[in-house]
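J.: Sending over protein-v7.txt (compact mmCIF, N, CA and C atoms).
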```txt
# COMPACT_ATOMS: atom_id res chain seq x y z
N MET A 1 109.05 96.93 85.48
CA MET A 1 109.48 96.36 84.22
C MET A 1 108.32 96.25 83.23
N ALA A 2 107.08 96.13 83.71
CA ALA A 2 105.95 96.06 82.79
C ALA A 2 105.93 97.28 81.89
N THR A 3 106.23 98.45 82.47
CA THR A 3 106.31 99.65 81.66
C THR A 3 107.45 99.55 80.67
N ALA A 4 108.58 98.99 81.09
CA ALA A 4 109.71 98.80 80.18
C ALA A 4 109.33 97.84 79.07
N LEU A 5 108.62 96.78 79.40
CA LEU A 5 108.17 95.84 78.36
C LEU A 5 107.24 96.53 77.38
N ALA A 6 106.34 97.37 77.87
CA ALA A 6 105.39 98.06 77.00
C ALA A 6 106.08 99.03 76.05
N GLN A 7 107.29 99.44 76.38
CA GLN A 7 108.03 100.36 75.52
C GLN A 7 108.75 99.62 74.39
N LYS A 8 108.88 98.32 74.50
CA LYS A 8 109.56 97.53 73.48
C LYS A 8 108.61 97.19 72.34
N SER A 9 109.19 96.75 71.25
CA SER A 9 108.42 96.24 70.12
C SER A 9 108.73 94.77 69.95
N CYS A 10 107.76 94.04 69.46
CA CYS A 10 107.98 92.62 69.20
C CYS A 10 108.97 92.46 68.04
N THR A 11 109.83 91.48 68.17
CA THR A 11 110.80 91.18 67.12
C THR A 11 110.35 89.93 66.38
N PRO A 12 110.56 89.89 65.07
CA PRO A 12 110.14 88.70 64.32
C PRO A 12 110.81 87.44 64.86
N CYS A 13 110.03 86.40 65.00
CA CYS A 13 110.55 85.11 65.46
C CYS A 13 110.38 84.13 64.31
N ARG A 14 111.49 83.64 63.81
CA ARG A 14 111.45 82.77 62.64
C ARG A 14 111.53 81.29 63.01
N GLY A 15 111.44 80.97 64.24
CA GLY A 15 111.56 79.58 64.66
C GLY A 15 113.02 79.23 64.90
N GLY A 16 113.26 78.06 65.40
CA GLY A 16 114.62 77.64 65.71
C GLY A 16 115.15 78.22 67.00
N VAL A 17 114.38 79.10 67.63
CA VAL A 17 114.75 79.70 68.91
C VAL A 17 114.04 78.90 69.99
N PRO A 18 114.73 78.50 71.02
CA PRO A 18 114.03 77.73 72.05
C PRO A 18 113.03 78.61 72.81
N PRO A 19 111.91 78.02 73.21
CA PRO A 19 110.97 78.79 74.04
C PRO A 19 111.59 79.09 75.40
N LEU A 20 111.03 80.05 76.08
CA LEU A 20 111.50 80.40 77.42
C LEU A 20 111.35 79.20 78.34
N SER A 21 112.32 79.03 79.21
CA SER A 21 112.19 78.00 80.25
C SER A 21 111.10 78.43 81.22
N ARG A 22 110.60 77.49 81.98
CA ARG A 22 109.57 77.80 82.99
C ARG A 22 110.08 78.90 83.94
N GLU A 23 111.34 78.80 84.36
CA GLU A 23 111.90 79.78 85.30
C GLU A 23 111.95 81.18 84.68
N THR A 24 112.39 81.27 83.44
CA THR A 24 112.46 82.58 82.78
C THR A 24 111.06 83.11 82.54
N ALA A 25 110.15 82.24 82.13
CA ALA A 25 108.76 82.66 81.92
C ALA A 25 108.17 83.19 83.23
N GLU A 26 108.47 82.54 84.35
CA GLU A 26 107.97 83.00 85.64
C GLU A 26 108.56 84.36 86.00
N ASP A 27 109.83 84.58 85.67
CA ASP A 27 110.43 85.89 85.90
C ASP A 27 109.69 86.98 85.13
N TYR A 28 109.41 86.72 83.86
CA TYR A 28 108.64 87.69 83.06
C TYR A 28 107.22 87.84 83.62
N ARG A 29 106.60 86.74 84.02
CA ARG A 29 105.23 86.79 84.51
C ARG A 29 105.11 87.64 85.77
N ARG A 30 106.16 87.70 86.55
CA ARG A 30 106.13 88.58 87.74
C ARG A 30 105.96 90.04 87.34
N GLU A 31 106.37 90.36 86.12
CA GLU A 31 106.21 91.72 85.63
C GLU A 31 104.85 91.93 84.97
N ALA A 32 104.10 90.86 84.83
CA ALA A 32 102.73 90.91 84.30
C ALA A 32 101.88 90.05 85.23
N PRO A 33 101.69 90.49 86.49
CA PRO A 33 101.13 89.64 87.53
C PRO A 33 99.68 89.19 87.30
N ASP A 34 98.94 89.87 86.46
CA ASP A 34 97.56 89.47 86.23
C ASP A 34 97.42 88.38 85.16
N TRP A 35 98.54 88.00 84.59
CA TRP A 35 98.57 86.94 83.59
C TRP A 35 98.93 85.62 84.27
N ALA A 36 98.35 84.54 83.78
CA ALA A 36 98.63 83.21 84.32
C ALA A 36 99.45 82.41 83.32
N LEU A 37 100.43 81.70 83.84
CA LEU A 37 101.16 80.73 83.02
C LEU A 37 100.29 79.49 82.93
N VAL A 38 100.03 79.02 81.73
CA VAL A 38 99.19 77.84 81.55
C VAL A 38 99.84 76.87 80.56
N ASP A 39 99.27 75.70 80.45
CA ASP A 39 99.76 74.66 79.53
C ASP A 39 101.25 74.40 79.72
N ASP A 40 101.61 74.07 80.96
CA ASP A 40 103.00 73.74 81.30
C ASP A 40 103.96 74.87 80.91
N ALA A 41 103.53 76.10 81.18
CA ALA A 41 104.33 77.32 80.95
C ALA A 41 104.67 77.52 79.48
N THR A 42 103.75 77.13 78.58
CA THR A 42 103.95 77.38 77.15
C THR A 42 103.02 78.46 76.63
N ARG A 43 102.19 79.02 77.52
CA ARG A 43 101.22 80.02 77.13
C ARG A 43 100.89 80.88 78.34
N ILE A 44 100.53 82.15 78.09
CA ILE A 44 100.01 83.01 79.15
C ILE A 44 98.59 83.43 78.77
N GLU A 45 97.79 83.68 79.79
CA GLU A 45 96.38 84.01 79.55
C GLU A 45 95.89 84.98 80.61
N ARG A 46 94.98 85.84 80.17
CA ARG A 46 94.34 86.78 81.10
C ARG A 46 92.93 87.07 80.62
N THR A 47 92.02 87.21 81.57
CA THR A 47 90.67 87.65 81.25
C THR A 47 90.49 89.07 81.78
N TYR A 48 90.11 89.96 80.87
CA TYR A 48 89.81 91.35 81.22
C TYR A 48 88.30 91.47 81.40
N HIS A 49 87.88 92.33 82.32
CA HIS A 49 86.46 92.52 82.59
C HIS A 49 86.07 93.96 82.26
N PHE A 50 84.89 94.10 81.66
CA PHE A 50 84.39 95.40 81.22
C PHE A 50 82.94 95.55 81.65
N LYS A 51 82.43 96.77 81.54
CA LYS A 51 81.07 97.06 82.00
C LYS A 51 80.00 96.48 81.08
N ASN A 52 80.34 96.26 79.81
CA ASN A 52 79.31 95.81 78.88
C ASN A 52 79.96 95.24 77.61
N PHE A 53 79.15 94.83 76.68
CA PHE A 53 79.63 94.24 75.44
C PHE A 53 80.42 95.25 74.61
N GLY A 54 79.93 96.48 74.53
CA GLY A 54 80.58 97.51 73.74
C GLY A 54 82.01 97.80 74.20
N GLU A 55 82.22 97.86 75.51
CA GLU A 55 83.56 98.09 76.02
C GLU A 55 84.47 96.91 75.71
N ALA A 56 83.95 95.69 75.83
CA ALA A 56 84.75 94.51 75.50
C ALA A 56 85.11 94.53 74.01
N LEU A 57 84.15 94.85 73.17
CA LEU A 57 84.40 94.92 71.73
C LEU A 57 85.42 96.00 71.41
N GLY A 58 85.31 97.14 72.06
CA GLY A 58 86.29 98.21 71.85
C GLY A 58 87.69 97.77 72.21
N PHE A 59 87.82 97.05 73.30
CA PHE A 59 89.13 96.53 73.70
C PHE A 59 89.66 95.57 72.64
N VAL A 60 88.80 94.67 72.18
CA VAL A 60 89.22 93.68 71.18
C VAL A 60 89.65 94.37 69.89
N GLU A 61 88.94 95.41 69.49
CA GLU A 61 89.33 96.15 68.28
C GLU A 61 90.71 96.78 68.45
N ARG A 62 90.95 97.38 69.60
CA ARG A 62 92.26 97.99 69.84
C ARG A 62 93.35 96.93 69.96
N ALA A 63 93.02 95.79 70.58
CA ALA A 63 93.98 94.69 70.67
C ALA A 63 94.32 94.17 69.28
N GLY A 64 93.33 94.10 68.41
CA GLY A 64 93.57 93.65 67.04
C GLY A 64 94.47 94.60 66.28
N ALA A 65 94.26 95.88 66.44
CA ALA A 65 95.11 96.87 65.78
C ALA A 65 96.55 96.77 66.30
N LEU A 66 96.69 96.58 67.60
CA LEU A 66 98.03 96.40 68.19
C LEU A 66 98.69 95.15 67.63
N ALA A 67 97.94 94.06 67.56
CA ALA A 67 98.50 92.80 67.04
C ALA A 67 99.00 92.97 65.62
N GLU A 68 98.27 93.67 64.81
CA GLU A 68 98.70 93.91 63.44
C GLU A 68 99.96 94.77 63.40
N ALA A 69 100.01 95.80 64.24
CA ALA A 69 101.18 96.69 64.27
C ALA A 69 102.43 95.96 64.76
N GLU A 70 102.25 95.04 65.71
CA GLU A 70 103.38 94.33 66.30
C GLU A 70 103.69 93.01 65.57
N PHE A 71 102.83 92.60 64.64
CA PHE A 71 102.99 91.31 63.95
C PHE A 71 103.06 90.16 64.95
N HIS A 72 102.25 90.26 65.99
CA HIS A 72 102.20 89.22 67.01
C HIS A 72 100.74 89.06 67.41
N HIS A 73 100.14 87.95 67.06
CA HIS A 73 98.69 87.81 67.10
C HIS A 73 98.21 86.85 68.20
N PRO A 74 97.51 87.39 69.19
CA PRO A 74 96.97 86.55 70.27
C PRO A 74 95.69 85.85 69.83
N ASP A 75 95.30 84.88 70.60
CA ASP A 75 93.97 84.29 70.48
C ASP A 75 93.09 85.07 71.46
N ILE A 76 91.94 85.52 70.98
CA ILE A 76 91.05 86.33 71.81
C ILE A 76 89.63 85.77 71.70
N SER A 77 89.00 85.58 72.84
CA SER A 77 87.56 85.28 72.86
C SER A 77 86.92 86.36 73.73
N PHE A 78 85.71 86.76 73.36
CA PHE A 78 85.06 87.80 74.15
C PHE A 78 83.56 87.67 74.06
N GLY A 79 82.93 88.34 75.00
CA GLY A 79 81.47 88.38 75.05
C GLY A 79 81.06 89.54 75.93
N TRP A 80 79.85 89.46 76.46
CA TRP A 80 79.34 90.56 77.26
C TRP A 80 80.20 90.74 78.51
N GLY A 81 80.95 91.84 78.55
CA GLY A 81 81.70 92.22 79.74
C GLY A 81 83.04 91.55 79.95
N TYR A 82 83.54 90.82 78.96
CA TYR A 82 84.85 90.18 79.16
C TYR A 82 85.57 89.98 77.83
N ALA A 83 86.88 89.84 77.93
CA ALA A 83 87.72 89.42 76.81
C ALA A 83 88.85 88.58 77.40
N THR A 84 89.01 87.39 76.90
CA THR A 84 90.09 86.51 77.35
C THR A 84 91.14 86.45 76.25
N VAL A 85 92.37 86.75 76.64
CA VAL A 85 93.48 86.80 75.69
C VAL A 85 94.48 85.71 76.05
N SER A 86 94.91 84.99 75.04
CA SER A 86 95.90 83.93 75.20
C SER A 86 97.08 84.24 74.27
N LEU A 87 98.27 84.16 74.82
CA LEU A 87 99.48 84.47 74.05
C LEU A 87 100.48 83.32 74.11
N ARG A 88 101.05 83.00 72.97
CA ARG A 88 102.18 82.09 72.86
C ARG A 88 102.76 82.33 71.48
N THR A 89 104.02 82.02 71.32
CA THR A 89 104.66 82.18 70.03
C THR A 89 104.55 80.85 69.30
N LYS A 90 103.68 80.85 68.32
CA LYS A 90 103.33 79.60 67.64
C LYS A 90 104.53 78.94 66.95
N LYS A 91 105.43 79.74 66.39
CA LYS A 91 106.57 79.17 65.67
C LYS A 91 107.51 78.37 66.55
N ILE A 92 107.53 78.69 67.84
CA ILE A 92 108.42 77.95 68.74
C ILE A 92 107.62 77.11 69.73
N LYS A 93 106.29 77.11 69.56
CA LYS A 93 105.40 76.30 70.41
C LYS A 93 105.61 76.56 71.90
N GLY A 94 105.79 77.82 72.24
CA GLY A 94 106.00 78.19 73.63
C GLY A 94 106.08 79.69 73.77
N LEU A 95 106.65 80.12 74.87
CA LEU A 95 106.71 81.54 75.19
C LEU A 95 108.02 82.18 74.75
N HIS A 96 107.91 83.44 74.37
CA HIS A 96 109.03 84.28 73.95
C HIS A 96 108.82 85.63 74.62
N GLU A 97 109.85 86.42 74.69
CA GLU A 97 109.71 87.76 75.27
C GLU A 97 108.57 88.53 74.60
N ASN A 98 108.36 88.31 73.30
CA ASN A 98 107.28 89.00 72.58
C ASN A 98 105.93 88.83 73.25
N ASP A 99 105.68 87.65 73.81
CA ASP A 99 104.40 87.41 74.45
C ASP A 99 104.20 88.32 75.65
N PHE A 100 105.25 88.56 76.39
CA PHE A 100 105.17 89.43 77.57
C PHE A 100 105.14 90.91 77.16
N ILE A 101 105.77 91.25 76.05
CA ILE A 101 105.66 92.61 75.50
C ILE A 101 104.20 92.89 75.15
N MET A 102 103.58 91.95 74.44
CA MET A 102 102.17 92.11 74.08
C MET A 102 101.30 92.18 75.33
N ALA A 103 101.58 91.34 76.31
CA ALA A 103 100.80 91.35 77.55
C ALA A 103 100.86 92.73 78.20
N ALA A 104 102.04 93.31 78.28
CA ALA A 104 102.19 94.64 78.89
C ALA A 104 101.44 95.70 78.09
N LYS A 105 101.51 95.61 76.78
CA LYS A 105 100.81 96.58 75.94
C LYS A 105 99.29 96.41 76.03
N LEU A 106 98.83 95.17 76.11
CA LEU A 106 97.40 94.93 76.28
C LEU A 106 96.91 95.42 77.64
N ASP A 107 97.72 95.24 78.68
CA ASP A 107 97.36 95.77 79.99
C ASP A 107 97.22 97.29 79.94
N ARG A 108 98.10 97.93 79.20
CA ARG A 108 98.04 99.38 79.06
C ARG A 108 96.75 99.81 78.34
N ILE A 109 96.39 99.09 77.28
CA ILE A 109 95.15 99.38 76.57
C ILE A 109 93.94 99.21 77.50
N ALA A 110 93.91 98.13 78.27
CA ALA A 110 92.80 97.88 79.18
C ALA A 110 92.72 98.98 80.24
N ALA A 111 93.85 99.43 80.74
CA ALA A 111 93.86 100.51 81.74
C ALA A 111 93.33 101.80 81.13
N GLU A 112 93.69 102.08 79.89
CA GLU A 112 93.18 103.28 79.21
C GLU A 112 91.67 103.19 79.03
N ARG A 113 91.18 102.01 78.66
CA ARG A 113 89.73 101.82 78.48
C ARG A 113 89.01 102.02 79.82
N ALA A 114 89.61 101.53 80.91
CA ALA A 114 88.99 101.69 82.22
C ALA A 114 88.92 103.16 82.60
N ARG A 115 89.99 103.90 82.31
CA ARG A 115 89.97 105.35 82.60
C ARG A 115 88.91 106.06 81.76
N GLU A 116 88.82 105.69 80.49
CA GLU A 116 87.81 106.29 79.61
C GLU A 116 86.42 106.00 80.11
N GLY A 117 86.18 104.77 80.55
CA GLY A 117 84.87 104.36 81.08
C GLY A 117 84.52 105.10 82.35
N ALA A 118 85.52 105.36 83.20
CA ALA A 118 85.28 106.07 84.46
C ALA A 118 84.93 107.52 84.22
N GLN A 119 85.45 108.09 83.14
CA GLN A 119 85.18 109.49 82.83
C GLN A 119 83.83 109.69 82.15
N ALA A 120 83.29 108.61 81.59
CA ALA A 120 82.02 108.73 80.85
C ALA A 120 80.84 108.91 81.77
```
Kindly present the structure from the file in structure tokens form.
T.:
Amino acid sequence: MATALAQKSCTPCRGGVPPLSRETAEDYRREAPDWALVDDATRIERTYHFKNFGEALGFVERAGALAEAEFHHPDISFGWGYATVSLRTKKIKGLHENDFIMAAKLDRIAAERAREGAQA
């Protein structure tokens, strides 16, 4: 299903939609197993690891471009060899399918970066 999620696009969320229940969020999280449910299942988070600062920065740049294209913006912190991404739908103060779509797409970007790094 992670691949199926990565094929979807985020849909605009205008608020008034209830956030995912813990059970539904856990169902989605099973399809993104490297992500953790945090803050009482109102947010998901993952830390990606890279060989150096440049690779982490490259990932963040690609994540930023994806966020702009999808109109769904994560919180990202990064430094030498890592990038931590946090996702939640701010308008509903919790999780939405969009968060898991972004997670799947970010996982795909990280996997591509790892393949590129292995070939270098």
J.: Near A:Lys51, within 8 Å and counting only C-alpha atoms, which residues show up once chain neighbours fewer than 4 positions away are dropped, as a PyMOL selection string?
T.: chain A and resi 55-56+81
J.: Would you mind listing what lies within 10 Å of stretch 28-33 of chain A as a PyMOL selection string, with only C-alpha atoms counted and same-chain residues fewer than 6 positions away left out?
T.: chain A and resi 1-5+20+22+44+46+96-97+99-101+103-104+107
J.: Which residue out of A:Thr24, A:Thr89, A:Asn52, A:Gln7 has the minimum interatomic distance to A:Lys105 when all atoms listed in the file are used?
T.: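 Selected residue with least distance to A:Lys105: A:Gln7.
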J.: Just checking: using all atoms listed in the file, which residue out of A:Val60, A:Leu95, A:Cys10, A:Leu106 ends up closest to A:Ala41?
T.: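 Checking each of A:Val60, A:Leu95, A:Cys10, A:Leu106 against A:Ala41, counting all atoms listed in the file, the winner is A:Leu95.
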J.: As a PyMOL selection string, which residues of stretch 10-102 of chain A does DSSP assign to strand (DSSP E or B)?
T.: chain A and resi 36-38+43-49+75-79+82-87+89+94
J.: For atom CA of A:Gly58 and atom C of A:Ala6, determine how far apart the two atoms are, in Å to one decimal place.
T.: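 Computing it gives 20.2 Å between the two atoms.
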J.: Atom CA of A:Tyr48 and atom CA of A:Leu66 are how many Å apart?
T.: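 Interatomic distance, atom CA of A:Tyr48 to atom CA of A:Leu66: 16.2 Å.
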J.: Compare A:Arg113, A:Arg14, A:His49, A:Arg108 by their minimum atom-to-atom distance to A:Tyr82, counting all atoms listed in the file, and give me the closest one.
T.: A:His49
J.: Using only N, CA and C atoms, which residue out of A:Arg115, A:Thr47, A:Thr84, A:Asn98 lies closest to A:His72?
T.: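 Closest to A:His72 of all the choices is A:Asn98.
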J.: Between atom CA of A:Asp40 and atom CA of A:Arg88, what is the distance, to one decimal in Å?
T.: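 Separation of atom CA of A:Asp40 and atom CA of A:Arg88: 11.9 Å.
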J.: Using only C-alpha atoms for the distances, tell me which of A:Glu116, A:Ala110, A:Ser86, A:Asp27 is nearest to A:Glu61.
T.: A:Ala110
J.: Do you know which residues lie at most 6.5 Å from (96.8, 87.8, 72.5), with coordinates as in the file and all atoms listed in the file counted, and could you write them as a ChimeraX atom specification?
T.: /A:73-76,85-88
J.: Every residue with an atom at most 6.5 Å from (110.6, 78.3, 70.3) (file coordinates; all atoms listed in the file) is what I'm after, so could you write them as number ranges by chain?
T.: A: 15-20, 91-95
J.: Mind the document's chain letters and residue numbers, and return as a VMD selection string the residues of chain A that DSSP labels alpha helix (DSSP H).
T.: chain A and resid 2 to 7 22 to 30 53 to 70 97 to 119
